[in-house]
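Engineer: Take a look at the following structure, please.
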Amino acid sequence: MVNEKIDQAFGIMREQEVDLWLTFVHETGTSPDPVLDLLAGTHVVWPSAFILTSAGKCLAIVGSLDAHGVRDTAPRYEVIGYRDSVAEPLLKVLEEVQPRRIAINYSVNDIMADGLSHGLYLILTDYLQGTPWLERLISSEGLVAALRGRKSPSELSRIKSAIRETLDIYDQVTAHARAGMSEQEVAAFITERMEGRGLTPAWGADHCPSVFTGPDTAGAHAGPTARHIEPGHIMNTDFGVRYEGYVSDLQRTWYFLRPGESRAPAEVQKGFDTILGSIRAAAAALKPGVEGWMVDKAARQFILDAGYDEFPHALGHQVGRSAHDGAGLLCPVWDRYKNLPFLKVEAGQVYTLEPRLTVPGHGVVTIEEMVVVTENGCEFLSAPQQELWVV
């Protein structure tokens with residue numbers, strides 16, 4: 001996988017006219033740079049410089065005690081060991097390569113391209129004082145966005161496997177869940193099935209899975225509680241697994257019948273149908289070259305036109321090695337998203353589509369699907385939830 005991504009990185013560097021990509025790190029077990037797993041798949045203790053050049057070279061300047069381990073775990077790299085300071089061999093490499101543009105991992109827009117800590121940035125710029133290289137530093141956010149976003153066939157295969165595992169567990173939830181169970185009991189059932197397959201959660205175990213039942217719940221980004229499912233409640237879950245380094249992120253919705261009911265009330269069904277329609281509208285708008293805010297608007301406007309309030313978050317994010325994999329978003333033009341709404345969609349990117357709305361007195365209706373962008377549109381990677389699941 002690392003070799004695939006390195007080869008891809010060389011092509012992206014040439015495409016974006018970047019001569020040298022410098023990933024400057026220290027104590028990566030404690031403070032990792034998100035891009036290092038893609039470009040090297042290794043860890044170091046001493047200050048280290050992992051370098052790719054547009055000419056196709058991979059260089060790793062690492063401490064002498066790290067050198068042997070890096071040679072074993074990152075064989076694509078020519079390893080240059082040092083004892084006193086990383087500065088001297090780093091400056092020597094820069095002198096040899098003579099790069100006109102040097103990308104380093106900082107960004108005000110993309111967290112996945114912001115791996116260089118401020119302290120390491122100060123150390124690096126101190127090393128470069130009095131050299132021409134200091135004025136040639138640029139953000140690597142364009143490189144990172146393309147590298148993480150353009151999924152290789154191997155990456156897509158692993159994501160699809162994570163999705164299959166997640167959907168199979170969801171099918172078991174439908175057969176198991178009953179009114180009277182708590183959110184925590186539903187979450188424990190999901191966790192047991194996940195662990196029984198030797199899988200781990202896609203994000204923090206404190207809220208993966210998340211389970212929300214009825215009105216007045218947290219609704220998102222919170223762990224399951226002791227609240228019990230009651231007849232008339234809508235229940236939704238947010239859950240994904242990690243499979244060979246890649247993850248899924250899917251949400252599903254159920255309705256629990258009240259005595260005498262054989263189907264969900266009209267207002268609940270309308271909410272579900274509206275969410276389903278908004279996802280279809282977004283999928284129709286999602287294609288290469290479209291800016292992310294346009295896709296978000298298609299789903300958001302569908303919900304507003306149906307008479308509901310707009311949802312308070314982005315429609316969708318990229319998924320890969322992380323559930324929130326950085327770079328372009330399908331999101332509104334809000335300050336908190338900086339320039340991300342204006343990034344253009346690219347083929348090979350994997351996005352979630354996850355609108356939501358509230359049905360008063362019942363709870364939150366939401367579906368989260370995963371799609372991959374194709375040359376002409378998008379394809380669903382997850383088998384879409386087409387009907388409200390009734391218990």
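Just so we're on the same page: first chain in the structure tokens is A, next is B, and so on; residues restart at 1 for each chain, and ligands are numbered from 1 in the order they show up.
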Enumerate the residues of region 126-342 of chain A with a DSSP assignment of strand (DSSP E or B), computed from the backbone, and present them as an NGL selection string.

Structural biologist: :A and (137-139 or 182 or 200-201 or 210-213 or 228 or 234-239 or 241-243 or 246-247 or 250-255 or 291 or 316 or 318 or 330)

Engineer: Write out as a PyMOL selection string each polymer residue whose atoms come within 12 Å of Leu124 (chain A), counting only C-alpha atoms; drop sequence neighbours fewer than 2 positions from it.

Structural biologist: chain A and resi 22-26+47-49+85-88+90-91+104-105+116-122+126-129+131+133-134+137

Engineer: So, with only C-alpha atoms as the atoms that count, which of A:Arg356, A:His43, A:Arg263, A:Lys344 lies closest to Val290 (chain A)?

Structural biologist: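 Counting only C-alpha atoms, the residue closest to Val290 (chain A) is A:Lys344.
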
Engineer: List the neighbours of Gln251 (chain A) out to 6 Å using only C-alpha atoms; skip same-chain residues closer than 6 positions along the sequence, and give me the result as a compact mmCIF listing (two decimals) with N, CA and C atoms, in the first residue's frame.

Structural biologist:
```txt
# COMPACT_ATOMS: atom_id res chain seq x y z
N THR A 237 -28.17 5.13 14.67
CA THR A 237 -26.82 4.75 15.10
C THR A 237 -25.80 5.29 14.11
N ASP A 238 -24.61 5.52 14.62
CA ASP A 238 -23.46 5.97 13.82
C ASP A 238 -22.31 5.03 14.16
N ILE A 367 -29.63 9.14 7.63
CA ILE A 367 -28.99 8.02 6.94
C ILE A 367 -27.62 8.52 6.52
N GLU A 368 -26.62 7.69 6.65
CA GLU A 368 -25.29 8.02 6.14
C GLU A 368 -24.83 6.91 5.21
```

Engineer: Out of A:Gly11, A:Gly320, A:Pro332, A:Gly198, which residue has the shortest atom-to-atom distance to Arg158 (chain A) when counting only C-alpha atoms?

Structural biologist: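 Ranking A:Gly11, A:Gly320, A:Pro332, A:Gly198 by distance to Arg158 (chain A), first place goes to A:Gly320.
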
Engineer: For each of A:Gly41, A:Gly29, A:Pro360, A:Pro265, take the minimum atom-to-atom distance to Lys5 (chain A), counting only C-alpha atoms, then give the residue where this is smallest.

Structural biologist: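 Among the listed residues, the smallest separation from Lys5 (chain A) belongs to A:Gly41.
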
Engineer: Could I get the residues of region 75-163 of chain A with an atom no further than 9 Å from an atom of region 312-319 of chain A, each paired with its nearest atom pair and that distance in Å to one decimal, using only C-alpha atoms, sorted by chain and residue number, as CSV?

Structural biologist:
```
residue,atom,partner,partner_atom,distance
A:Arg148,CA,A:Gln318,CA,8.9
A:Gly149,CA,A:Gln318,CA,7.3
A:Ile159,CA,A:Val319,CA,8.5
```

Engineer: Please, which residues of region 156-262 of chain A, numbered as in this document, come out helix (DSSP H, G or I) from DSSP, as a PyMOL selection string?

Structural biologist: chain A and resi 156-176+183-196

Engineer: Leaving out Pro89 (chain A) and any residue of its chain fewer than 6 positions from it, which residues lie within 12 Å of it when counting only C-alpha atoms, given as a list of chain:residue names?

Structural biologist: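 Contacts, with the query itself left out: A:Ser48, A:Ala49, A:Phe50, A:Ile51, A:Leu59, A:Ala60, A:Ile61, A:Val62, A:Gly63, A:Val79, A:Ile80, A:Gly81, A:Tyr82, A:Arg83, A:Glu95, A:Glu96, A:Tyr127.
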
Engineer: Write the residues of the preceding selection, restricted to C-alpha atoms, as a short mmCIF file (atom, residue, chain, number, x, y, z; two decimals), in the first residue's frame.

Structural biologist:
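What ended up in selection-v3.cif:
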```
data_model
loop_
_atom_site.label_atom_id
_atom_site.label_comp_id
_atom_site.auth_asym_id
_atom_site.auth_seq_id
_atom_site.Cartn_x
_atom_site.Cartn_y
_atom_site.Cartn_z
CA SER A 48 13.63 13.13 11.22
CA ALA A 49 13.09 14.29 7.65
CA PHE A 50 11.24 12.06 5.18
CA ILE A 51 11.82 13.45 1.70
CA LEU A 59 15.20 9.80 1.41
CA ALA A 60 14.89 9.41 5.18
CA ILE A 61 17.22 11.41 7.40
CA VAL A 62 16.82 9.79 10.82
CA GLY A 63 18.70 9.39 14.08
CA VAL A 79 18.23 6.01 4.95
CA ILE A 80 20.75 8.64 6.06
CA GLY A 81 21.64 8.33 9.74
CA TYR A 82 22.92 11.11 12.00
CA ARG A 83 24.09 11.40 15.60
CA GLU A 95 21.87 21.63 -1.83
CA GLU A 96 22.06 18.53 -4.01
CA TYR A 127 17.88 25.45 10.29
#
```

Engineer: Skip Ile190 (chain A) itself and residues of its chain fewer than 5 positions away, then list as a list in words all residues within 9 Å of it, counting only C-alpha atoms.

Structural biologist: Ile169, Tyr170, Gln172, Val173, Glu185, Glu195, Pro209 and Phe239 of chain A

Engineer: Could you give me, as a list in words, the residues within 10 Å of Val372 (chain A), counting only C-alpha atoms and dropping anything in the same chain fewer than 4 positions from it?

Structural biologist: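 That gives Arg150, Lys151, Leu156, Leu286, Lys287, Gln318, Val319, Glu346, Ala347, Gly348, Gln349, Val350, Tyr351, Thr352, Gly377, Cys378, Glu379, Phe380, Leu381 and Ser382 of chain A.
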
Engineer: Interatomic distance between CA of Pro99 (chain A) and CA of Val45 (chain A)?

Structural biologist: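 Calculated distance between CA of Pro99 (chain A) and CA of Val45 (chain A) is 26.9 Å.
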
Engineer: When distances are computed from only C-alpha atoms, which of A:Leu20, A:Arg336, A:Val144, A:His68 shows the smallest separation from Leu39 (chain A)?

Structural biologist: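 Among the listed residues, A:Val144 lies closest to Leu39 (chain A).
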
Engineer: Looking at only C-alpha atoms, which of A:Ser54, A:Thr213, A:Gln386, A:Thr42 is the one that sits closest to Trp21 (chain A)?

Structural biologist: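 Of all the options, A:Ser54 lies closest to Trp21 (chain A).
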
Engineer: Which of these residues is nearest to Ile303 (chain A), using only C-alpha atoms: A:Tyr243, A:Trp334, A:Phe189, A:Phe272?

Structural biologist: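 Using only C-alpha atoms, Ile303 (chain A) sits closest to A:Phe272.
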